[in-house]
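*Asks:* Okay, so here is entry35.pdb, and as you'll see once you scroll down, it has PDB, C-alpha atoms.
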ATOM      1  CA  MET R 127      -6.815  -5.048 -25.223
ATOM      2  CA  GLY R 128      -5.448  -3.655 -28.485
ATOM      3  CA  LEU R 129      -3.735  -5.195 -31.483
ATOM      4  CA  LEU R 130      -0.491  -3.456 -30.497
ATOM      5  CA  ASP R 131      -0.344  -4.018 -26.753
ATOM      6  CA  GLY R 132       3.274  -4.005 -25.594
ATOM      7  CA  LYS R 133       4.611  -2.713 -28.931
ATOM      8  CA  VAL R 134       6.879   0.296 -29.397
ATOM      9  CA  ALA R 135       6.253   2.407 -32.487
ATOM     10  CA  VAL R 136       7.936   5.316 -34.197
ATOM     11  CA  VAL R 137       5.921   7.578 -36.491
ATOM     12  CA  THR R 138       7.733  10.239 -38.502
ATOM     13  CA  GLY R 139       5.995  13.439 -39.511
ATOM     14  CA  ALA R 140       3.485  12.725 -36.768
ATOM     15  CA  GLY R 141       2.681  16.249 -35.648
ATOM     16  CA  ARG R 142      -0.083  16.798 -38.188
ATOM     17  CA  GLY R 143      -2.270  15.125 -40.791
ATOM     18  CA  ILE R 144      -1.919  11.446 -41.555
ATOM     19  CA  GLY R 145       1.094  10.958 -39.266
ATOM     20  CA  ARG R 146      -0.810  12.457 -36.341
ATOM     21  CA  ALA R 147      -3.769  10.132 -36.971
ATOM     22  CA  GLU R 148      -1.419   7.157 -37.242
ATOM     23  CA  ALA R 149       0.336   7.964 -33.969
ATOM     24  CA  LEU R 150      -2.980   8.344 -32.146
ATOM     25  CA  LEU R 151      -4.359   5.100 -33.592
ATOM     26  CA  LEU R 152      -1.255   3.071 -32.764
ATOM     27  CA  ALA R 153      -1.397   4.387 -29.210
ATOM     28  CA  ALA R 154      -5.111   3.591 -28.967
ATOM     29  CA  GLU R 155      -4.249   0.024 -29.979
ATOM     30  CA  GLY R 156      -1.780  -0.202 -27.096
ATOM     31  CA  ALA R 157       1.560   0.911 -28.512
ATOM     32  CA  ARG R 158       3.960   3.305 -26.880
ATOM     33  CA  VAL R 159       4.867   5.881 -29.509
ATOM     34  CA  VAL R 160       7.792   8.095 -30.399
ATOM     35  CA  VAL R 161       6.165  11.069 -32.108
ATOM     36  CA  ASN R 162       8.651  12.508 -34.579
ATOM     37  CA  ASP R 163       8.122  15.905 -36.159
ATOM     38  CA  VAL R 164      10.489  18.775 -36.878
ATOM     39  CA  GLY R 165       7.554  21.191 -36.848
ATOM     40  CA  ALA R 166       8.421  22.497 -40.287
ATOM     41  CA  SER R 167       6.225  24.361 -42.734
ATOM     42  CA  LEU R 168       4.725  22.568 -45.705
ATOM     43  CA  ALA R 169       7.787  23.568 -47.738
ATOM     44  CA  GLY R 170      10.092  22.129 -45.065
ATOM     45  CA  ARG R 171      11.219  25.373 -43.453
ATOM     46  CA  GLY R 172      11.321  26.329 -39.789
ATOM     47  CA  GLY R 173      10.925  24.239 -36.688
ATOM     48  CA  ASP R 174       8.316  24.084 -33.944
ATOM     49  CA  LYS R 175       7.950  21.137 -31.577
ATOM     50  CA  HIS R 176       4.439  22.147 -30.517
ATOM     51  CA  PRO R 177       2.488  19.891 -32.941
ATOM     52  CA  ALA R 178       4.320  16.788 -31.722
ATOM     53  CA  GLU R 179       3.931  17.820 -28.088
ATOM     54  CA  GLU R 180       0.178  18.121 -28.586
ATOM     55  CA  VAL R 181       0.027  14.600 -30.012
ATOM     56  CA  VAL R 182       2.028  13.268 -27.075
ATOM     57  CA  ASP R 183      -0.346  14.958 -24.645
ATOM     58  CA  LEU R 184      -3.345  13.383 -26.388
ATOM     59  CA  ILE R 185      -1.738   9.945 -26.282
ATOM     60  CA  LYS R 186      -0.984  10.232 -22.582
ATOM     61  CA  ALA R 187      -4.493  11.472 -21.891
ATOM     62  CA  GLY R 188      -5.753   8.344 -23.613
ATOM     63  CA  GLY R 189      -3.793   6.090 -21.259
ATOM     64  CA  SER R 190      -0.766   5.152 -23.363
ATOM     65  CA  ASP R 191       2.742   6.609 -23.326
ATOM     66  CA  ALA R 192       4.634   8.713 -25.856
ATOM     67  CA  VAL R 193       7.612  10.999 -26.255
ATOM     68  CA  VAL R 194       8.525  13.784 -28.665
ATOM     69  CA  ASN R 195      11.389  13.477 -31.108
ATOM     70  CA  ALA R 196      12.355  16.485 -33.247
ATOM     71  CA  SER R 197      15.152  14.873 -35.274
ATOM     72  CA  ASP R 198      15.492  15.487 -38.995
ATOM     73  CA  VAL R 199      14.919  11.977 -40.349
ATOM     74  CA  SER R 200      16.462  12.885 -43.693
ATOM     75  CA  SER R 201      19.739  13.149 -41.777
ATOM     76  CA  TRP R 202      21.610   9.887 -41.191
ATOM     77  CA  SER R 203      22.466  10.886 -37.635
ATOM     78  CA  GLY R 204      18.976  12.260 -37.000
ATOM     79  CA  ALA R 205      17.387   8.998 -38.095
ATOM     80  CA  LYS R 206      19.739   7.047 -35.834
ATOM     81  CA  ASP R 207      18.898   9.314 -32.898
ATOM     82  CA  LEU R 208      15.203   8.639 -33.538
ATOM     83  CA  VAL R 209      15.603   4.854 -33.506
ATOM     84  CA  ASP R 210      17.939   5.022 -30.515
ATOM     85  CA  GLN R 211      15.454   7.146 -28.567
ATOM     86  CA  ALA R 212      12.733   4.545 -29.017
ATOM     87  CA  ILE R 213      15.016   1.772 -27.790
ATOM     88  CA  ASP R 214      16.504   3.799 -24.935
ATOM     89  CA  THR R 215      13.140   5.138 -23.746
ATOM     90  CA  PHE R 216      10.874   2.120 -24.161
ATOM     91  CA  GLY R 217      13.335  -0.765 -24.361
ATOM     92  CA  SER R 218      12.697  -1.881 -27.933
ATOM     93  CA  LEU R 219      11.370  -0.976 -31.362
ATOM     94  CA  ASP R 220       8.651  -2.955 -33.109
ATOM     95  CA  VAL R 221       7.003  -0.610 -35.616
ATOM     96  CA  LEU R 222       8.372   2.122 -37.867
ATOM     97  CA  VAL R 223       5.893   4.250 -39.814
ATOM     98  CA  ASN R 224       7.663   6.508 -42.311
ATOM     99  CA  ASN R 225       5.419   9.444 -43.114
ATOM    100  CA  ALA R 226       7.452  12.679 -43.093
ATOM    101  CA  GLY R 227       7.377  14.737 -46.273
ATOM    102  CA  ILE R 228       7.276  18.181 -47.874
ATOM    103  CA  LEU R 229       6.038  19.698 -51.136
ATOM    104  CA  ARG R 230       7.792  21.948 -53.660
ATOM    105  CA  ASP R 231       5.384  21.616 -56.571
ATOM    106  CA  LYS R 232       6.520  23.154 -59.877
ATOM    107  CA  MET R 233       6.505  22.203 -63.514
ATOM    108  CA  SER R 234       9.753  20.610 -64.623
ATOM    109  CA  PHE R 235      10.767  23.666 -66.658
ATOM    110  CA  ASN R 236      10.287  25.943 -63.625
ATOM    111  CA  MET R 237      11.816  23.724 -60.955
ATOM    112  CA  GLU R 238      14.982  24.826 -59.174
ATOM    113  CA  GLU R 239      17.710  22.395 -58.176
ATOM    114  CA  SER R 240      16.891  22.926 -54.492
ATOM    115  CA  ASP R 241      13.222  22.065 -55.136
ATOM    116  CA  TRP R 242      14.318  18.706 -56.485
ATOM    117  CA  ASP R 243      17.004  18.008 -53.891
ATOM    118  CA  ASP R 244      14.921  18.920 -50.849
ATOM    119  CA  VAL R 245      11.887  16.825 -51.801
ATOM    120  CA  ILE R 246      13.984  13.784 -52.728
ATOM    121  CA  ARG R 247      15.965  14.154 -49.505
ATOM    122  CA  VAL R 248      13.013  14.511 -47.134
ATOM    123  CA  HIS R 249      10.815  11.851 -48.731
ATOM    124  CA  LEU R 250      13.190   9.225 -50.114
ATOM    125  CA  LYS R 251      16.184   9.543 -47.811
ATOM    126  CA  GLY R 252      13.802  10.384 -44.979
ATOM    127  CA  HIS R 253      12.232   6.962 -45.490
ATOM    128  CA  PHE R 254      15.439   5.022 -46.057
ATOM    129  CA  ALA R 255      17.536   6.420 -43.205
ATOM    130  CA  PRO R 256      15.153   5.408 -40.371
ATOM    131  CA  SER R 257      14.517   2.082 -42.130
ATOM    132  CA  HIS R 258      18.266   1.445 -42.293
ATOM    133  CA  HIS R 259      18.815   2.026 -38.590
ATOM    134  CA  ALA R 260      15.725   0.012 -37.640
ATOM    135  CA  ALA R 261      16.920  -2.818 -39.901
ATOM    136  CA  VAL R 262      20.333  -2.803 -38.228
ATOM    137  CA  TYR R 263      18.610  -3.141 -34.848
ATOM    138  CA  TRP R 264      16.260  -5.942 -35.916
ATOM    139  CA  ARG R 265      18.955  -7.858 -37.802
ATOM    140  CA  GLY R 266      21.200  -7.715 -34.746
ATOM    141  CA  ARG R 267      18.449  -9.105 -32.549
ATOM    142  CA  ALA R 268      17.668 -11.871 -35.027
ATOM    143  CA  LYS R 269      21.326 -12.860 -35.308
ATOM    144  CA  ALA R 270      21.474 -12.990 -31.503
ATOM    145  CA  GLY R 271      18.755 -15.657 -31.590
ATOM    146  CA  GLU R 272      15.835 -13.467 -30.597
ATOM    147  CA  GLU R 273      12.436 -13.728 -32.251
ATOM    148  CA  VAL R 274      11.727 -10.524 -34.164
ATOM    149  CA  HIS R 275       8.348  -9.163 -35.275
ATOM    150  CA  GLY R 276       9.388  -5.907 -36.930
ATOM    151  CA  ARG R 277       7.079  -3.774 -39.055
ATOM    152  CA  ILE R 278       7.871  -0.963 -41.488
ATOM    153  CA  VAL R 279       5.035   0.971 -43.119
ATOM    154  CA  ASN R 280       6.124   3.443 -45.790
ATOM    155  CA  THR R 281       4.092   6.247 -47.317
ATOM    156  CA  SER R 282       4.025   6.327 -51.102
ATOM    157  CA  SER R 283       1.385   8.081 -53.205
ATOM    158  CA  GLU R 284      -0.754   7.650 -56.277
ATOM    159  CA  ALA R 285       1.467  10.380 -57.734
ATOM    160  CA  GLY R 286       4.330   7.900 -57.379
ATOM    161  CA  LEU R 287       2.348   5.080 -58.944
ATOM    162  CA  PHE R 288       0.865   7.012 -61.864
ATOM    163  CA  GLY R 289       2.712  10.347 -62.047
ATOM    164  CA  ASN R 290       1.255  13.831 -61.669
ATOM    165  CA  ALA R 291       2.054  16.968 -63.650
ATOM    166  CA  GLY R 292       3.796  19.596 -61.558
ATOM    167  CA  GLN R 293       5.236  17.019 -59.184
ATOM    168  CA  ALA R 294       8.299  15.537 -60.875
ATOM    169  CA  ASN R 295      10.230  15.678 -57.598
ATOM    170  CA  TYR R 296       7.409  14.371 -55.396
ATOM    171  CA  SER R 297       6.297  11.668 -57.845
ATOM    172  CA  ALA R 298       9.865  10.445 -58.327
ATOM    173  CA  ALA R 299      10.404  10.273 -54.570
ATOM    174  CA  LYS R 300       7.136   8.420 -53.980
ATOM    175  CA  ALA R 301       7.849   5.972 -56.816
ATOM    176  CA  GLY R 302      11.239   5.368 -55.239
ATOM    177  CA  ILE R 303       9.567   4.650 -51.918
ATOM    178  CA  ALA R 304       7.285   2.064 -53.539
ATOM    179  CA  SER R 305      10.257   0.340 -55.182
ATOM    180  CA  MET R 306      12.341   0.575 -52.027
ATOM    181  CA  THR R 307       9.511  -1.129 -50.150
ATOM    182  CA  TRP R 308       9.864  -4.192 -52.390
ATOM    183  CA  VAL R 309      13.629  -4.260 -51.836
ATOM    184  CA  LEU R 310      13.408  -3.910 -48.064
ATOM    185  CA  ALA R 311      10.685  -6.571 -47.917
ATOM    186  CA  ARG R 312      12.968  -9.028 -49.753
ATOM    187  CA  GLU R 313      15.989  -8.191 -47.636
ATOM    188  CA  LEU R 314      14.359  -8.194 -44.199
ATOM    189  CA  GLU R 315      11.878 -11.063 -44.470
ATOM    190  CA  ARG R 316      14.477 -13.537 -43.180
ATOM    191  CA  TYR R 317      14.830 -11.464 -40.002
ATOM    192  CA  GLY R 318      11.123 -11.421 -39.159
ATOM    193  CA  VAL R 319      10.415  -7.953 -40.550
ATOM    194  CA  THR R 320       7.574  -7.034 -42.917
ATOM    195  CA  VAL R 321       7.701  -3.924 -45.099
ATOM    196  CA  ASN R 322       4.647  -2.458 -46.833
ATOM    197  CA  SER R 323       3.648   0.900 -48.260
ATOM    198  CA  ILE R 324       0.433   2.858 -48.452
ATOM    199  CA  SER R 325      -0.752   5.402 -51.007
ATOM    200  CA  PRO R 326      -3.328   7.412 -49.079
ATOM    201  CA  ARG R 327      -5.912   9.986 -50.013
ATOM    202  CA  ALA R 328      -6.842  12.163 -47.060
ATOM    203  CA  ARG R 329      -7.308  15.772 -46.008
ATOM    204  CA  THR R 330      -3.899  17.166 -45.019
ATOM    205  CA  ARG R 331      -1.841  20.311 -45.500
ATOM    206  CA  MET R 332      -0.401  18.680 -48.606
ATOM    207  CA  THR R 333      -3.748  17.951 -50.238
ATOM    208  CA  GLU R 334      -5.902  20.920 -49.235
ATOM    209  CA  THR R 335      -4.800  22.964 -52.251
ATOM    210  CA  LEU R 336      -5.076  19.961 -54.571
ATOM    211  CA  PHE R 337      -8.556  18.782 -53.594
ATOM    212  CA  GLY R 338      -9.957  22.025 -52.136
ATOM    213  CA  GLU R 339     -13.638  22.017 -51.216
ATOM    214  CA  MET R 340     -14.027  18.472 -52.512
ATOM    215  CA  ALA R 341     -12.151  17.263 -49.432
ATOM    216  CA  ALA R 342     -14.009  19.429 -46.919
ATOM    217  CA  ALA R 343     -15.673  17.646 -44.035
ATOM    218  CA  GLY R 344     -19.429  17.380 -44.403
ATOM    219  CA  GLU R 345     -22.264  15.496 -42.778
ATOM    220  CA  GLY R 346     -22.086  11.729 -42.397
ATOM    221  CA  PHE R 347     -19.033   9.607 -43.031
ATOM    222  CA  ASP R 348     -15.960  11.754 -43.642
ATOM    223  CA  GLN R 349     -14.082   9.829 -46.313
ATOM    224  CA  TRP R 350     -11.236  12.376 -46.282
ATOM    225  CA  ASP R 351     -10.512  11.958 -42.559
ATOM    226  CA  PRO R 352      -6.851  10.877 -42.057
ATOM    227  CA  ALA R 353      -8.107   8.483 -39.366
ATOM    228  CA  ASN R 354      -9.392   6.247 -42.171
ATOM    229  CA  VAL R 355      -5.811   5.764 -43.341
ATOM    230  CA  ALA R 356      -4.566   5.083 -39.823
ATOM    231  CA  GLN R 357      -6.760   1.985 -39.486
ATOM    232  CA  LEU R 358      -4.898   0.218 -42.300
ATOM    233  CA  VAL R 359      -1.563   1.210 -40.772
ATOM    234  CA  GLY R 360      -2.695  -0.233 -37.426
ATOM    235  CA  PHE R 361      -3.422  -3.549 -39.126
ATOM    236  CA  LEU R 362      -0.100  -3.603 -41.009
ATOM    237  CA  ALA R 363       1.743  -2.826 -37.762
ATOM    238  CA  SER R 364       0.153  -5.748 -35.932
ATOM    239  CA  ASP R 365       0.986  -9.440 -35.624
ATOM    240  CA  GLU R 366      -2.141 -10.119 -37.688
ATOM    241  CA  ALA R 367      -0.204  -8.862 -40.729
ATOM    242  CA  ALA R 368       2.795 -11.151 -40.252
ATOM    243  CA  ASP R 369       2.133 -12.737 -43.654
ATOM    244  CA  VAL R 370       1.709  -9.428 -45.498
ATOM    245  CA  THR R 371       4.880  -7.895 -46.925
ATOM    246  CA  GLY R 372       6.103  -6.149 -50.047
ATOM    247  CA  GLN R 373       2.618  -4.784 -50.746
ATOM    248  CA  ASN R 374       1.292  -1.352 -51.639
ATOM    249  CA  PHE R 375      -2.219  -0.281 -50.699
ATOM    250  CA  ILE R 376      -4.271   2.622 -51.984
ATOM    251  CA  VAL R 377      -6.590   3.756 -49.204
ATOM    252  CA  PHE R 378      -9.336   6.354 -49.356
ATOM    253  CA  GLY R 379     -12.259   6.595 -46.953
ATOM    254  CA  GLY R 380     -13.657   3.110 -46.496
ATOM    255  CA  ASN R 381     -11.903   1.805 -49.625
ATOM    256  CA  ILE R 382      -8.700  -0.240 -49.638
ATOM    257  CA  TRP R 383      -7.070  -1.547 -52.795
ATOM    258  CA  ALA R 384      -4.124  -3.952 -52.781
ATOM    259  CA  THR R 385      -2.117  -3.027 -55.863
ATOM    260  CA  GLY R 386       0.377  -4.982 -57.921
ATOM    261  CA  GLY R 387       3.702  -3.830 -59.280
ATOM    262  CA  PHE R 388       4.566  -3.111 -62.882
ATOM    263  CA  HIS R 389       3.358  -5.789 -65.276
ATOM    264  CA  PRO R 390       3.376  -6.266 -69.070
ATOM    265  CA  VAL R 391       0.385  -4.856 -70.937
ATOM    266  CA  GLY R 392       1.590  -5.587 -74.465
ATOM    267  CA  GLU R 393       4.349  -7.648 -76.039
ATOM    268  CA  LEU R 394       6.294  -8.561 -79.139
ATOM    269  CA  HIS R 395       8.229 -11.801 -79.576
ATOM    270  CA  ARG R 396      10.521 -13.383 -82.148
ATOM    271  CA  ASP R 397      13.853 -15.203 -82.265
ATOM    272  CA  SER R 398      15.835 -12.463 -83.969
ATOM    273  CA  MET R 399      16.714  -8.800 -83.450
ATOM    274  CA  TRP R 400      14.125  -6.128 -84.170
ATOM    275  CA  THR R 401      15.022  -3.088 -86.235
ATOM    276  CA  PRO R 402      13.483   0.299 -85.430
ATOM    277  CA  ALA R 403      11.446   0.176 -88.626
ATOM    278  CA  GLU R 404      10.129  -3.299 -87.794
ATOM    279  CA  ILE R 405       9.095  -2.158 -84.318
ATOM    280  CA  ALA R 406       7.293   0.779 -85.914
ATOM    281  CA  ALA R 407       5.472  -1.601 -88.245
ATOM    282  CA  ALA R 408       4.444  -3.801 -85.302
ATOM    283  CA  LYS R 409       3.426  -0.913 -83.041
ATOM    284  CA  SER R 410      -0.277  -1.717 -83.248
ATOM    285  CA  GLU R 411       0.461  -5.252 -82.053
ATOM    286  CA  LEU R 412       2.591  -4.012 -79.141
ATOM    287  CA  PHE R 413      -0.161  -1.658 -78.016
ATOM    288  CA  ALA R 414      -3.096  -3.917 -78.865
ATOM    289  CA  GLY R 415      -5.991  -3.069 -76.547
ATOM    290  CA  ILE R 416      -4.170  -0.200 -74.799
ATOM    291  CA  SER R 417      -3.248   3.375 -75.593
ATOM    292  CA  SER R 418       0.296   4.383 -76.453
ATOM    293  CA  GLY R 419      -0.340   7.728 -74.736
ATOM    294  CA  ILE R 420       0.186   8.787 -71.130
ATOM    295  CA  PRO R 421      -1.561   6.373 -68.747
ATOM    296  CA  PRO R 422      -4.410   7.899 -66.704
ATOM    297  CA  PHE R 423      -3.417   9.289 -63.318
ATOM    298  CA  SER R 424      -6.216   8.054 -61.122
ATOM    299  CA  PHE R 425      -6.545   4.490 -59.927
ATOM    300  CA  PHE R 426     -10.292   4.998 -59.606
TER
END
Write the structure described by the file as C-alpha cells, please.

*Replies:*
Amino acid sequence: MGLLDGKVAVVTGAGRGIGRAEALLLAAEGARVVVNDVGASLAGRGGDKHPAEEVVDLIKAGGSDAVVNASDVSSWSGAKDLVDQAIDTFGSLDVLVNNAGILRDKMSFNMEESDWDDVIRVHLKGHFAPSHHAAVYWRGRAKAGEEVHGRIVNTSSEAGLFGNAGQANYSAAKAGIASMTWVLARELERYGVTVNSISPRARTRMTETLFGEMAAAGEGFDQWDPANVAQLVGFLASDEAADVTGQNFIVFGGNIWATGGFHPVGELHRDSMWTPAEIAAAKSELFAGISSGIPPFSFF
C-alpha cells in the first residue's frame, strides 16, 4: 500500500534529474504516471524520447503503470495534449508535478532576447499551461458535483527567492512560479485542489556546473541525490497534504524548510507625505537592524 494508490500523476521534465526521481517515487507510492519529456538538451534544443521511455520501463518493472508523453508543455496545445493523455489513458488526473526547465545563463549585459524568451517560456509558461488545463478539468468535475482531490506541485528555486547573478531570466521565471503558486492556491482551493512549490537543491544537469565536485556522490548519505527531493513531492501529492497549500519549501538532502512570502523588514510611518529628502534623513530608521545592500543569496 502506498500513499498514492489509485492516483494518476503527470510529471513534466521527467526523463532526467529531479523529474525522473519524482516520477519513480510517485509510481512506487502507487500512482500511474504520465512521464513527460521532450528529450531536449540542457539549453532546450533537440528531441529524444529515450530518457522518458527508460523511466516508463523502470516504473513498469516496479509493478506500476506509465506512459511516455513528448509534448512541449510550454505550448498551449502541447500542455492540453499532456493533460488529455492522462485522462484518456488512465481515466482521470489527480497530481500534476511541473518540473520542466532549461538554462541559458548569461549576465544581463550579455543576454540575447532569445535567451530571455526561451527560459521564461519553458519555465513560467511551461508551468502555467499544464496547470491551466488541469484546473479546467478539476473545476469541471467539482461543478458537476464530484469530490476533487487535485494536487499541483511546482518547481521554483532559491534563485527565484533570492536572485542569482548570471540568471536574470531563470531567477525571474522561478520567482514568477513562486508567485503564481500563491495565486493558483487561492483560486483552486474552493475546487479541492492544493498548489505548492518546491525550491530544491540536488545533483542534476542544471546544477553540475554550479556545484561541481561539491555535489559529487560520496560515501554515506548522498544529500545531493534527487530522490531526497522526490520524497517531499510524494507527500505533497498525497491526501495527507490536503491541508497544505500555497506553500514553498526549500529541500536539500534531509533538510526541509517551509518558507514564508515577502514580509516587511523595516518601516516608516506618519500621517503626511514624505519628501525624498525626508526619506533620506530617515534612512537609518527604515533600515534599522538590516543592510540596505543586496540581500544574501543563500537561505542557509

*Asks:* For a test of reading the model, state the distance in Å between atom CA of Asp220 of chain R and atom CA of Ile144 of chain R, rounded to one decimal.

*Replies:*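 About the pair atom CA of Asp220 of chain R and atom CA of Ile144 of chain R: they are 19.8 Å apart.
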
*Asks:* Kindly indicate which residue among R:Val355, R:Val194, R:Val274, R:Val159 lies nearest to His176 of chain R, using all atoms listed in the file for the distances.

*Replies:* R:Val194

*Asks:* List the neighbours of Gly217 of chain R out to 10 Å using only C-alpha atoms; skip same-chain residues closer than 6 positions along the sequence, and give me the result as a ChimeraX atom specification.

*Replies:* /R:134,210-211

*Asks:* Given 4 Å of margin on each side, can you work out the centre and size in Å (one decimal) of an axis-aligned box holding every listed atom of segment 203-215 of chain R, as AutoDock Vina command-line options?

*Replies:*
--center_x 17.6 --center_y 7.0 --center_z -30.9 --size_x 17.7 --size_y 18.5 --size_z 22.3

*Asks:* Name the residues captured by the PyMOL selection byres ((chain R and resi 177) around 12) when it is applied to the shown file; answer as a list in words.

*Replies:*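 With the PyMOL selection byres ((chain R and resi 177) around 12) on this model, the match is Gly139, Ala140, Gly141, Arg142, Gly143, Gly145, Arg146, Val161, Asn162, Asp163, Val164, Gly165, Ala166, Ser167, Gly173, Asp174, Lys175, His176, Ala178, Glu179, Glu180, Val181, Val182, Asp183, Leu184, Val194, Asn195 and Ala196 of chain R.
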
*Asks:* Kindly export the residues of the current selection with C-alpha atoms, as a PDB file, keeping the file's coordinate frame.

*Replies:*
ATOM      1  CA  GLY R 139       5.995  13.439 -39.511  1.00  0.00           C
ATOM      2  CA  ALA R 140       3.485  12.725 -36.768  1.00  0.00           C
ATOM      3  CA  GLY R 141       2.681  16.249 -35.648  1.00  0.00           C
ATOM      4  CA  ARG R 142      -0.083  16.798 -38.188  1.00  0.00           C
ATOM      5  CA  GLY R 143      -2.270  15.125 -40.791  1.00  0.00           C
ATOM      6  CA  GLY R 145       1.094  10.958 -39.266  1.00  0.00           C
ATOM      7  CA  ARG R 146      -0.810  12.457 -36.341  1.00  0.00           C
ATOM      8  CA  VAL R 161       6.165  11.069 -32.108  1.00  0.00           C
ATOM      9  CA  ASN R 162       8.651  12.508 -34.579  1.00  0.00           C
ATOM     10  CA  ASP R 163       8.122  15.905 -36.159  1.00  0.00           C
ATOM     11  CA  VAL R 164      10.489  18.775 -36.878  1.00  0.00           C
ATOM     12  CA  GLY R 165       7.554  21.191 -36.848  1.00  0.00           C
ATOM     13  CA  ALA R 166       8.421  22.497 -40.287  1.00  0.00           C
ATOM     14  CA  SER R 167       6.225  24.361 -42.734  1.00  0.00           C
ATOM     15  CA  GLY R 173      10.925  24.239 -36.688  1.00  0.00           C
ATOM     16  CA  ASP R 174       8.316  24.084 -33.944  1.00  0.00           C
ATOM     17  CA  LYS R 175       7.950  21.137 -31.577  1.00  0.00           C
ATOM     18  CA  HIS R 176       4.439  22.147 -30.517  1.00  0.00           C
ATOM     19  CA  ALA R 178       4.320  16.788 -31.722  1.00  0.00           C
ATOM     20  CA  GLU R 179       3.931  17.820 -28.088  1.00  0.00           C
ATOM     21  CA  GLU R 180       0.178  18.121 -28.586  1.00  0.00           C
ATOM     22  CA  VAL R 181       0.027  14.600 -30.012  1.00  0.00           C
ATOM     23  CA  VAL R 182       2.028  13.268 -27.075  1.00  0.00           C
ATOM     24  CA  ASP R 183      -0.346  14.958 -24.645  1.00  0.00           C
ATOM     25  CA  LEU R 184      -3.345  13.383 -26.388  1.00  0.00           C
ATOM     26  CA  VAL R 194       8.525  13.784 -28.665  1.00  0.00           C
ATOM     27  CA  ASN R 195      11.389  13.477 -31.108  1.00  0.00           C
ATOM     28  CA  ALA R 196      12.355  16.485 -33.247  1.00  0.00           C
TER      29      ALA R 196
END

*Asks:* Restricting the calculation to only C-alpha atoms: of R:Val248, R:Ala353, R:Ala205, R:Val279, which residue gets closest to Arg329 of chain R?

*Replies:* R:Ala353

*Asks:* So which residues get picked by the PyMOL selection byres ((chain R and resi 306) around 12) here, written as a PyMOL selection string?

*Replies:* chain R and resi 249-251+253-255+257-258+278-282+298-305+307-314+321-323+372-374
